[in-house]
Every structure is written in C-alpha cells, then in structure tokens.
>>> print(open('structure.pdb').read())   # PDB, C-alpha atoms
ATOM      1  CA  MET A  42      -5.038-137.522  78.547
ATOM      2  CA  LYS A  43      -8.799-137.247  78.776
ATOM      3  CA  ASP A  44     -10.783-139.332  76.271
ATOM      4  CA  GLN A  45     -12.710-136.830  74.137
ATOM      5  CA  ARG A  46     -14.577-139.552  72.226
ATOM      6  CA  ASN A  47     -16.972-140.240  75.117
ATOM      7  CA  LYS A  48     -18.295-136.688  74.870
ATOM      8  CA  THR A  49     -19.339-137.187  71.272
ATOM      9  CA  TRP A  50     -21.570-140.242  71.696
ATOM     10  CA  GLU A  51     -25.306-139.771  71.256
ATOM     11  CA  SER A  52     -27.717-140.992  73.930
ATOM     12  CA  ASP A  53     -28.714-143.948  71.726
ATOM     13  CA  GLY A  54     -25.073-145.112  71.622
ATOM     14  CA  ARG A  55     -24.456-144.164  67.995
ATOM     15  CA  TYR A  56     -21.568-142.034  66.892
ATOM     16  CA  PRO A  57     -23.087-138.781  65.602
ATOM     17  CA  GLN A  58     -20.883-138.324  62.543
ATOM     18  CA  THR A  59     -22.798-140.763  60.396
ATOM     19  CA  ALA A  60     -24.397-138.137  58.162
ATOM     20  CA  GLY A  61     -22.974-135.203  56.251
ATOM     21  CA  GLN A  62     -19.822-134.734  54.288
ATOM     22  CA  ALA A  63     -16.673-136.665  55.124
ATOM     23  CA  SER A  64     -13.503-134.795  55.946
ATOM     24  CA  PRO A  65     -10.449-135.123  53.661
ATOM     25  CA  SER A  66      -8.648-137.215  56.298
ATOM     26  CA  GLU A  67     -11.636-139.583  56.593
ATOM     27  CA  LEU A  68     -11.767-139.947  52.820
ATOM     28  CA  LYS A  69      -8.063-140.769  52.776
ATOM     29  CA  GLN A  70      -8.498-143.425  55.489
ATOM     30  CA  VAL A  71     -11.507-144.987  53.776
ATOM     31  CA  SER A  72      -9.668-145.000  50.445
ATOM     32  CA  GLN A  73      -6.771-146.803  52.155
ATOM     33  CA  ILE A  74      -9.216-149.384  53.541
ATOM     34  CA  ILE A  75     -10.722-150.022  50.102
ATOM     35  CA  GLN A  76      -7.295-150.298  48.500
ATOM     36  CA  ALA A  77      -6.183-152.742  51.212
ATOM     37  CA  LEU A  78      -9.386-154.807  50.826
ATOM     38  CA  ASN A  79      -8.877-154.918  47.071
ATOM     39  CA  LEU A  80      -5.244-155.979  47.453
ATOM     40  CA  LEU A  81      -6.231-158.657  49.974
ATOM     41  CA  LYS A  82      -8.845-160.007  47.551
ATOM     42  CA  MET A  83      -6.232-160.112  44.761
ATOM     43  CA  ASN A  84      -3.739-161.923  47.024
ATOM     44  CA  VAL A  85      -6.406-164.472  47.960
ATOM     45  CA  MET A  86      -6.968-165.080  44.244
ATOM     46  CA  MET A  87      -3.252-165.369  43.383
ATOM     47  CA  TYR A  88      -1.795-167.372  46.270
ATOM     48  CA  PRO A  89      -2.715-170.700  47.846
ATOM     49  CA  PRO A  90      -4.385-170.723  51.301
ATOM     50  CA  GLY A  91      -1.893-170.131  54.108
ATOM     51  CA  HIS A  92       0.614-168.271  51.927
ATOM     52  CA  ASP A  93       2.634-165.555  53.699
ATOM     53  CA  ARG A  94       1.424-162.850  51.271
ATOM     54  CA  ILE A  95      -2.180-163.531  52.281
ATOM     55  CA  SER A  96      -1.320-163.434  55.989
ATOM     56  CA  GLU A  97       0.605-160.182  55.586
ATOM     57  CA  SER A  98      -2.229-158.661  53.596
ATOM     58  CA  VAL A  99      -4.819-159.680  56.226
ATOM     59  CA  ILE A 100      -2.751-158.104  59.003
ATOM     60  CA  HIS A 101      -2.158-154.905  57.005
ATOM     61  CA  THR A 102      -5.841-154.521  56.097
ATOM     62  CA  TYR A 103      -6.968-155.354  59.627
ATOM     63  CA  GLU A 104      -4.672-152.719  61.153
ATOM     64  CA  ILE A 105      -5.922-150.000  58.783
ATOM     65  CA  ILE A 106      -9.556-150.847  59.565
ATOM     66  CA  GLN A 107      -8.932-150.940  63.314
ATOM     67  CA  LYS A 108      -7.600-147.365  63.295
ATOM     68  CA  ILE A 109     -11.015-146.093  62.185
ATOM     69  CA  LEU A 110     -13.000-148.553  64.299
ATOM     70  CA  LEU A 111     -11.302-147.139  67.393
ATOM     71  CA  ILE A 112     -12.976-143.810  66.635
ATOM     72  CA  ARG A 113     -16.356-144.986  65.361
ATOM     73  CA  PRO A 114     -18.239-148.258  65.920
ATOM     74  CA  GLU A 115     -18.794-148.893  62.223
ATOM     75  CA  ILE A 116     -17.806-147.758  58.760
ATOM     76  CA  THR A 117     -20.384-147.926  55.992
ATOM     77  CA  ILE A 118     -19.392-147.563  52.360
ATOM     78  CA  GLY A 119     -22.059-147.314  49.694
ATOM     79  CA  LEU A 120     -22.115-147.748  45.964
ATOM     80  CA  ALA A 121     -23.775-145.482  43.402
ATOM     81  CA  GLY A 122     -23.169-146.753  39.889
ATOM     82  CA  GLU A 123     -19.415-147.311  39.887
ATOM     83  CA  THR A 124     -18.693-144.725  42.567
ATOM     84  CA  LEU A 125     -17.968-145.543  46.191
ATOM     85  CA  ILE A 126     -19.621-143.248  48.732
ATOM     86  CA  PHE A 127     -18.653-142.563  52.335
ATOM     87  CA  ARG A 128     -20.794-140.219  54.440
ATOM     88  CA  GLN A 129     -22.476-138.660  51.404
ATOM     89  CA  THR A 130     -19.116-137.989  49.768
ATOM     90  CA  ALA A 131     -17.917-139.716  46.608
ATOM     91  CA  LEU A 132     -14.472-141.280  46.764
ATOM     92  CA  ASP A 133     -11.957-140.609  43.990
ATOM     93  CA  LYS A 134     -13.602-141.890  40.786
ATOM     94  CA  LYS A 135     -10.266-141.930  38.942
ATOM     95  CA  ASN A 136      -8.472-144.197  41.435
ATOM     96  CA  ALA A 137      -8.120-147.583  39.709
ATOM     97  CA  PHE A 138      -8.225-149.559  42.992
ATOM     98  CA  LEU A 139     -11.428-147.828  44.082
ATOM     99  CA  LEU A 140     -13.036-148.263  40.669
ATOM    100  CA  ASP A 141     -12.080-151.949  40.585
ATOM    101  CA  PHE A 142     -13.570-152.504  44.052
ATOM    102  CA  ALA A 143     -16.749-150.617  43.106
ATOM    103  CA  ARG A 144     -17.162-152.853  40.059
ATOM    104  CA  LEU A 145     -16.605-155.903  42.242
ATOM    105  CA  LEU A 146     -19.352-154.813  44.643
ATOM    106  CA  LYS A 147     -21.640-154.171  41.687
ATOM    107  CA  ARG A 148     -21.104-157.722  40.349
ATOM    108  CA  PHE A 149     -22.215-159.078  43.738
ATOM    109  CA  LEU A 150     -25.233-156.688  43.753
ATOM    110  CA  ILE A 151     -23.885-155.028  46.921
ATOM    111  CA  LEU A 152     -25.346-151.566  47.503
ATOM    112  CA  SER A 153     -23.355-150.951  50.687
ATOM    113  CA  PHE A 154     -21.228-152.762  53.206
ATOM    114  CA  SER A 155     -20.351-151.999  56.801
ATOM    115  CA  LEU A 156     -17.345-152.953  58.882
ATOM    116  CA  HIS A 157     -18.208-153.141  62.578
ATOM    117  CA  ARG A 158     -16.150-152.840  65.728
ATOM    118  CA  GLY A 159     -15.174-156.340  66.862
ATOM    119  CA  LEU A 160     -14.089-157.378  63.361
ATOM    120  CA  LYS A 161     -11.762-160.378  63.455
ATOM    121  CA  LYS A 162      -8.944-161.182  61.053
ATOM    122  CA  GLU A 163     -10.623-164.495  60.210
ATOM    123  CA  GLU A 164     -13.793-162.658  59.145
ATOM    124  CA  LEU A 165     -11.761-160.333  56.967
ATOM    125  CA  LEU A 166     -10.074-163.292  55.279
ATOM    126  CA  GLU A 167     -13.381-165.119  54.728
ATOM    127  CA  PHE A 168     -14.984-161.966  53.306
ATOM    128  CA  SER A 169     -12.061-161.655  50.880
ATOM    129  CA  ARG A 170     -12.459-165.293  49.866
ATOM    130  CA  ILE A 171     -16.135-164.671  49.137
ATOM    131  CA  LEU A 172     -15.262-161.598  47.046
ATOM    132  CA  ALA A 173     -12.606-163.632  45.222
ATOM    133  CA  SER A 174     -15.191-166.252  44.266
ATOM    134  CA  SER A 175     -17.569-166.170  41.354
ATOM    135  CA  PRO A 176     -20.540-163.828  41.907
ATOM    136  CA  SER A 177     -22.819-166.345  40.187
ATOM    137  CA  SER A 178     -21.863-169.071  42.693
ATOM    138  CA  ILE A 179     -22.660-166.786  45.637
ATOM    139  CA  LEU A 180     -25.863-165.429  44.112
ATOM    140  CA  ALA A 181     -27.033-168.925  43.081
ATOM    141  CA  SER A 182     -26.994-170.026  46.718
ATOM    142  CA  GLY A 183     -28.768-166.897  47.954
ATOM    143  CA  ARG A 184     -27.769-163.337  48.609
ATOM    144  CA  MET A 185     -24.458-162.030  49.942
ATOM    145  CA  GLU A 186     -26.011-161.858  53.420
ATOM    146  CA  THR A 187     -26.548-165.631  53.254
ATOM    147  CA  ALA A 188     -22.904-166.221  52.319
ATOM    148  CA  LEU A 189     -21.705-164.035  55.191
ATOM    149  CA  ALA A 190     -23.905-165.925  57.665
ATOM    150  CA  ARG A 191     -22.774-169.290  56.279
ATOM    151  CA  HIS A 192     -19.140-168.271  56.948
ATOM    152  CA  ASN A 193     -19.955-166.892  60.435
ATOM    153  CA  ILE A 194     -19.055-163.342  59.433
ATOM    154  CA  THR A 195     -20.897-161.056  61.847
ATOM    155  CA  ALA A 196     -18.766-157.904  61.884
ATOM    156  CA  ILE A 197     -19.195-157.273  58.154
ATOM    157  CA  THR A 198     -22.695-156.626  56.908
ATOM    158  CA  THR A 199     -24.025-155.873  53.445
ATOM    159  CA  LYS A 200     -27.130-154.470  51.860
ATOM    160  CA  THR A 201     -27.777-155.986  48.481
ATOM    161  CA  LEU A 202     -30.065-155.414  45.581
ATOM    162  CA  ASP A 203     -32.840-157.987  45.549
ATOM    163  CA  ALA A 204     -33.161-158.872  41.873
ATOM    164  CA  GLU A 205     -36.404-160.737  42.571
ATOM    165  CA  CYS A 206     -38.114-157.378  43.157
ATOM    166  CA  PHE A 207     -37.872-156.633  39.453
ATOM    167  CA  ARG A 208     -40.033-158.061  36.709
ATOM    168  CA  PHE A 209     -38.741-158.434  33.202
ATOM    169  CA  THR A 210     -41.015-157.704  30.270
ATOM    170  CA  GLN A 211     -40.914-157.589  26.495
ATOM    171  CA  GLU A 212     -42.678-154.202  26.528
ATOM    172  CA  ARG A 213     -40.724-151.301  25.083
ATOM    173  CA  GLU A 214     -42.576-148.789  27.247
ATOM    174  CA  ILE A 215     -44.119-149.390  30.648
ATOM    175  CA  GLN A 216     -47.458-147.695  31.252
ATOM    176  CA  ARG A 217     -48.100-146.709  34.841
ATOM    177  CA  ASP A 218     -51.522-146.556  36.438
ATOM    178  CA  LYS A 219     -53.030-143.108  36.797
ATOM    179  CA  THR A 220     -52.880-141.568  40.235
ATOM    180  CA  ALA A 221     -56.051-140.565  42.065
ATOM    181  CA  LYS A 222     -55.319-136.903  41.276
ATOM    182  CA  GLU A 223     -54.948-137.644  37.555
ATOM    183  CA  LEU A 224     -58.242-139.546  37.555
ATOM    184  CA  ARG A 225     -60.055-136.627  39.290
ATOM    185  CA  ASP A 226     -58.605-134.076  36.882
ATOM    186  CA  ALA A 227     -59.537-136.114  33.768
TER     187      ALA A 227
END
>>> encode(input="structure.pdb", output="structure tokens")
Amino acid sequence: MKDQRNKTWESDGRYPQTAGQASPSELKQVSQIIQALNLLKMNVMMYPPGHDRISESVIHTYEIIQKILLIRPEITIGLAGETLIFRQTALDKKNAFLLDFARLLKRFLILSFSLHRGLKKEELLEFSRILASSPSSILASGRMETALARHNITAITTKTLDAECFRFTQEREIQRDKTAKELRDA
C-alpha cells in the first residue's frame, strides 16, 4: 500500500495539521493519552520503583502515544485555566482524568507540553516521576524545563509560566501609563 503520509508533509518538514480544529478521532486519541499519563503518574506515586504495575503502565502509555507519533512528529497539548487544549479544541472539561491532569499541569506552571517522535519509555517514566513529585521541589530548583534536562528527557518539552515576569504590589488598582495617542488627545 502506498504511504499517503509523505504527500502531506510541508516543505519545511512540519506536518501541516498543527492548526485548526481537531477531529473527533484525534480528540479521543489525545484524551486516551492524557488518561494514560495520569494513570502512569498515579501508579508511580502508589507503587515502589520497579513494580510490575508501573512497567505495565509505561508500556500501555507508550503504545498509545506511539500510535499518534507514527502519523505526526509531535503532539502538543496546551492548558487554558483548567481546560486541556489540542489543536485549538478544548478536551472534555467534565472528564475527571482530564481535569485532574490539567490541575497537575497548572501546579507545575506548565502552559503546554509536547511529546515528540523518538520518545523513549525511560523518558516517559522519568517525566511521570517528575509529575509525581512536589511542584515546589521542582520549581525551587528551576523551571520544569530544567528538571527535564536534568533527567535527560529530550522527547518531551514544556512551556512554562515564568513567575519572575510578574511583580507583586500592595496596590489595589494598577495605573497604566498613557499611550502616545492619549497624550496627544489630552
């Protein structure tokens, strides 16, 4: 059978379906990935390292992710409030697994994460261990990106909120400077 995927690649090597609405089947697959990631994180928290439940969960999650990574080189999932977003489409807000994972990402100040082709089972396990740890311990030693690099995780990337960009004040109302147009019109 002829491989139709090669016809859909852009000249810059990116898969073109990175923007726009996700199809129902894509949403189902991404929801399955999130549920598997959440279950893996819970198993890492409940069982000692090397336990069969952790190994089974890693394999299960890895296989689900690989099905999508065969079609596209990466999967990026964003966070808006407590809602997970895939390709400009919100995932089921009522699904407890998805909501729990969204809240987890929020605690780590993760705005989005991407799973890239070439992902290894070891990286998946290490990522789950990081997510199973205390957000304050990760954030105290730097950002999530630092933790991923420290654990040699290259096929999972994150974009995080940089809390240092914000200033805290005792003011009840923040006054902004007038724009040039406002100054001219005054």
>>> atom_distance(input="structure.pdb", atom1="CA of Leu68 (chain A)", atom2="CA of Tyr103 (chain A)")
17.5 Å
>>> residues_around(input="structure.pdb", residues="region 132-144 of chain A", least_positions_apart="3", cutoff="12 Å", atoms="only C-alpha atoms", output="PyMOL selection string")
chain A and resi 62-83+118-129+147-154+169+172-173+176
>>> atom_distance(input="structure.pdb", atom1="CA of Ile100 (chain A)", atom2="CA of Glu186 (chain A)")
24.2 Å
>>> resolve_selection(input="structure.pdb", expression="the PyMOL selection byres ((chain A and resi 191) around 12)", output="PDB file with C-alpha atoms, keeping the file's coordinate frame")
ATOM      1  CA  GLU A 164     -13.793-162.658  59.145  1.00  0.00           C
ATOM      2  CA  GLU A 167     -13.381-165.119  54.728  1.00  0.00           C
ATOM      3  CA  PHE A 168     -14.984-161.966  53.306  1.00  0.00           C
ATOM      4  CA  ILE A 171     -16.135-164.671  49.137  1.00  0.00           C
ATOM      5  CA  ILE A 179     -22.660-166.786  45.637  1.00  0.00           C
ATOM      6  CA  SER A 182     -26.994-170.026  46.718  1.00  0.00           C
ATOM      7  CA  GLY A 183     -28.768-166.897  47.954  1.00  0.00           C
ATOM      8  CA  ARG A 184     -27.769-163.337  48.609  1.00  0.00           C
ATOM      9  CA  MET A 185     -24.458-162.030  49.942  1.00  0.00           C
ATOM     10  CA  GLU A 186     -26.011-161.858  53.420  1.00  0.00           C
ATOM     11  CA  THR A 187     -26.548-165.631  53.254  1.00  0.00           C
ATOM     12  CA  ALA A 188     -22.904-166.221  52.319  1.00  0.00           C
ATOM     13  CA  LEU A 189     -21.705-164.035  55.191  1.00  0.00           C
ATOM     14  CA  ALA A 190     -23.905-165.925  57.665  1.00  0.00           C
ATOM     15  CA  HIS A 192     -19.140-168.271  56.948  1.00  0.00           C
ATOM     16  CA  ASN A 193     -19.955-166.892  60.435  1.00  0.00           C
ATOM     17  CA  ILE A 194     -19.055-163.342  59.433  1.00  0.00           C
ATOM     18  CA  THR A 195     -20.897-161.056  61.847  1.00  0.00           C
TER      19      THR A 195
END
>>> residues_near_point(input="structure.pdb", point="(-18.7, -147.6, 59.8)", cutoff="6 Å", atoms="all atoms listed in the file", output="PyMOL selection string")
chain A and resi 115-117+155-156
>>> write_last_selection(input="structure.pdb", atoms="C-alpha atoms", output="PDB file, in the coordinates of the input")
ATOM      1  CA  GLU A 115     -18.794-148.893  62.223  1.00  0.00           C
ATOM      2  CA  ILE A 116     -17.806-147.758  58.760  1.00  0.00           C
ATOM      3  CA  THR A 117     -20.384-147.926  55.992  1.00  0.00           C
ATOM      4  CA  SER A 155     -20.351-151.999  56.801  1.00  0.00           C
ATOM      5  CA  LEU A 156     -17.345-152.953  58.882  1.00  0.00           C
TER       6      LEU A 156
END
>>> atom_distance(input="structure.pdb", atom1="CA of Asp93 (chain A)", atom2="CA of Leu166 (chain A)")
13.0 Å
>>> closest_residue(input="structure.pdb", among="A:Met87, A:Leu146, A:Leu165, A:Pro114", to="Val99 (chain A)", atoms="only C-alpha atoms")
A:Leu165
>>> build_atoms(input="structure.pdb", residues="region 121-144 of chain A", atoms="N, CA, C and O atoms", output="compact mmCIF listing (two decimals), in the coordinates of the input")
# COMPACT_ATOMS: atom_id res chain seq x y z
N ALA A 121 -22.84 -146.14 44.31
CA ALA A 121 -23.78 -145.48 43.40
C ALA A 121 -23.18 -145.61 42.00
O ALA A 121 -22.18 -144.96 41.69
N GLY A 122 -23.75 -146.48 41.20
CA GLY A 122 -23.17 -146.75 39.89
C GLY A 122 -21.83 -147.45 40.08
O GLY A 122 -21.77 -148.54 40.62
N GLU A 123 -20.77 -146.78 39.67
CA GLU A 123 -19.42 -147.31 39.89
C GLU A 123 -18.62 -146.38 40.79
O GLU A 123 -17.39 -146.32 40.71
N THR A 124 -19.33 -145.67 41.66
CA THR A 124 -18.69 -144.72 42.57
C THR A 124 -18.93 -145.17 44.00
O THR A 124 -20.06 -145.45 44.40
N LEU A 125 -17.86 -145.22 44.77
CA LEU A 125 -17.97 -145.54 46.19
C LEU A 125 -18.29 -144.27 46.95
O LEU A 125 -17.75 -143.20 46.65
N ILE A 126 -19.15 -144.39 47.96
CA ILE A 126 -19.62 -143.25 48.73
C ILE A 126 -19.36 -143.50 50.21
O ILE A 126 -19.65 -144.59 50.71
N PHE A 127 -18.82 -142.50 50.88
CA PHE A 127 -18.65 -142.56 52.34
C PHE A 127 -19.19 -141.26 52.91
O PHE A 127 -18.75 -140.18 52.52
N ARG A 128 -20.17 -141.38 53.80
CA ARG A 128 -20.79 -140.22 54.44
C ARG A 128 -21.19 -139.15 53.42
O ARG A 128 -20.82 -137.99 53.54
N GLN A 129 -21.94 -139.55 52.44
CA GLN A 129 -22.48 -138.66 51.40
C GLN A 129 -21.40 -138.00 50.54
O GLN A 129 -21.66 -137.01 49.86
N THR A 130 -20.21 -138.54 50.56
CA THR A 130 -19.12 -137.99 49.77
C THR A 130 -18.57 -139.08 48.85
O THR A 130 -18.27 -140.18 49.31
N ALA A 131 -18.46 -138.77 47.58
CA ALA A 131 -17.92 -139.72 46.61
C ALA A 131 -16.41 -139.83 46.79
O ALA A 131 -15.71 -138.82 46.97
N LEU A 132 -15.92 -141.06 46.74
CA LEU A 132 -14.47 -141.28 46.76
C LEU A 132 -13.92 -141.04 45.36
O LEU A 132 -14.68 -140.97 44.39
N ASP A 133 -12.63 -140.93 45.25
CA ASP A 133 -11.96 -140.61 43.99
C ASP A 133 -12.37 -141.58 42.88
O ASP A 133 -12.03 -142.76 42.91
N LYS A 134 -13.09 -141.07 41.89
CA LYS A 134 -13.60 -141.89 40.79
C LYS A 134 -12.50 -142.31 39.82
O LYS A 134 -12.69 -143.23 39.03
N LYS A 135 -11.36 -141.64 39.87
CA LYS A 135 -10.27 -141.93 38.94
C LYS A 135 -9.27 -142.94 39.51
O LYS A 135 -8.41 -143.42 38.78
N ASN A 136 -9.38 -143.25 40.79
CA ASN A 136 -8.47 -144.20 41.44
C ASN A 136 -8.82 -145.61 40.95
O ASN A 136 -9.93 -146.09 41.17
N ALA A 137 -7.88 -146.27 40.31
CA ALA A 137 -8.12 -147.58 39.71
C ALA A 137 -8.51 -148.63 40.75
O ALA A 137 -9.38 -149.48 40.49
N PHE A 138 -7.89 -148.61 41.93
CA PHE A 138 -8.22 -149.56 42.99
C PHE A 138 -9.67 -149.37 43.45
O PHE A 138 -10.41 -150.33 43.65
N LEU A 139 -10.07 -148.12 43.63
CA LEU A 139 -11.43 -147.83 44.08
C LEU A 139 -12.45 -148.22 43.02
O LEU A 139 -13.49 -148.81 43.32
N LEU A 140 -12.14 -147.92 41.77
CA LEU A 140 -13.04 -148.26 40.67
C LEU A 140 -13.17 -149.78 40.54
O LEU A 140 -14.27 -150.31 40.36
N ASP A 141 -12.06 -150.48 40.66
CA ASP A 141 -12.08 -151.95 40.58
C ASP A 141 -12.93 -152.53 41.70
O ASP A 141 -13.73 -153.44 41.48
N PHE A 142 -12.80 -151.99 42.92
CA PHE A 142 -13.57 -152.50 44.05
C PHE A 142 -15.05 -152.17 43.88
O PHE A 142 -15.92 -152.99 44.19
N ALA A 143 -15.35 -150.99 43.36
CA ALA A 143 -16.75 -150.62 43.11
C ALA A 143 -17.37 -151.58 42.10
O ALA A 143 -18.51 -152.03 42.28
N ARG A 144 -16.65 -151.91 41.06
CA ARG A 144 -17.16 -152.85 40.06
C ARG A 144 -17.36 -154.24 40.65
O ARG A 144 -18.30 -154.95 40.30
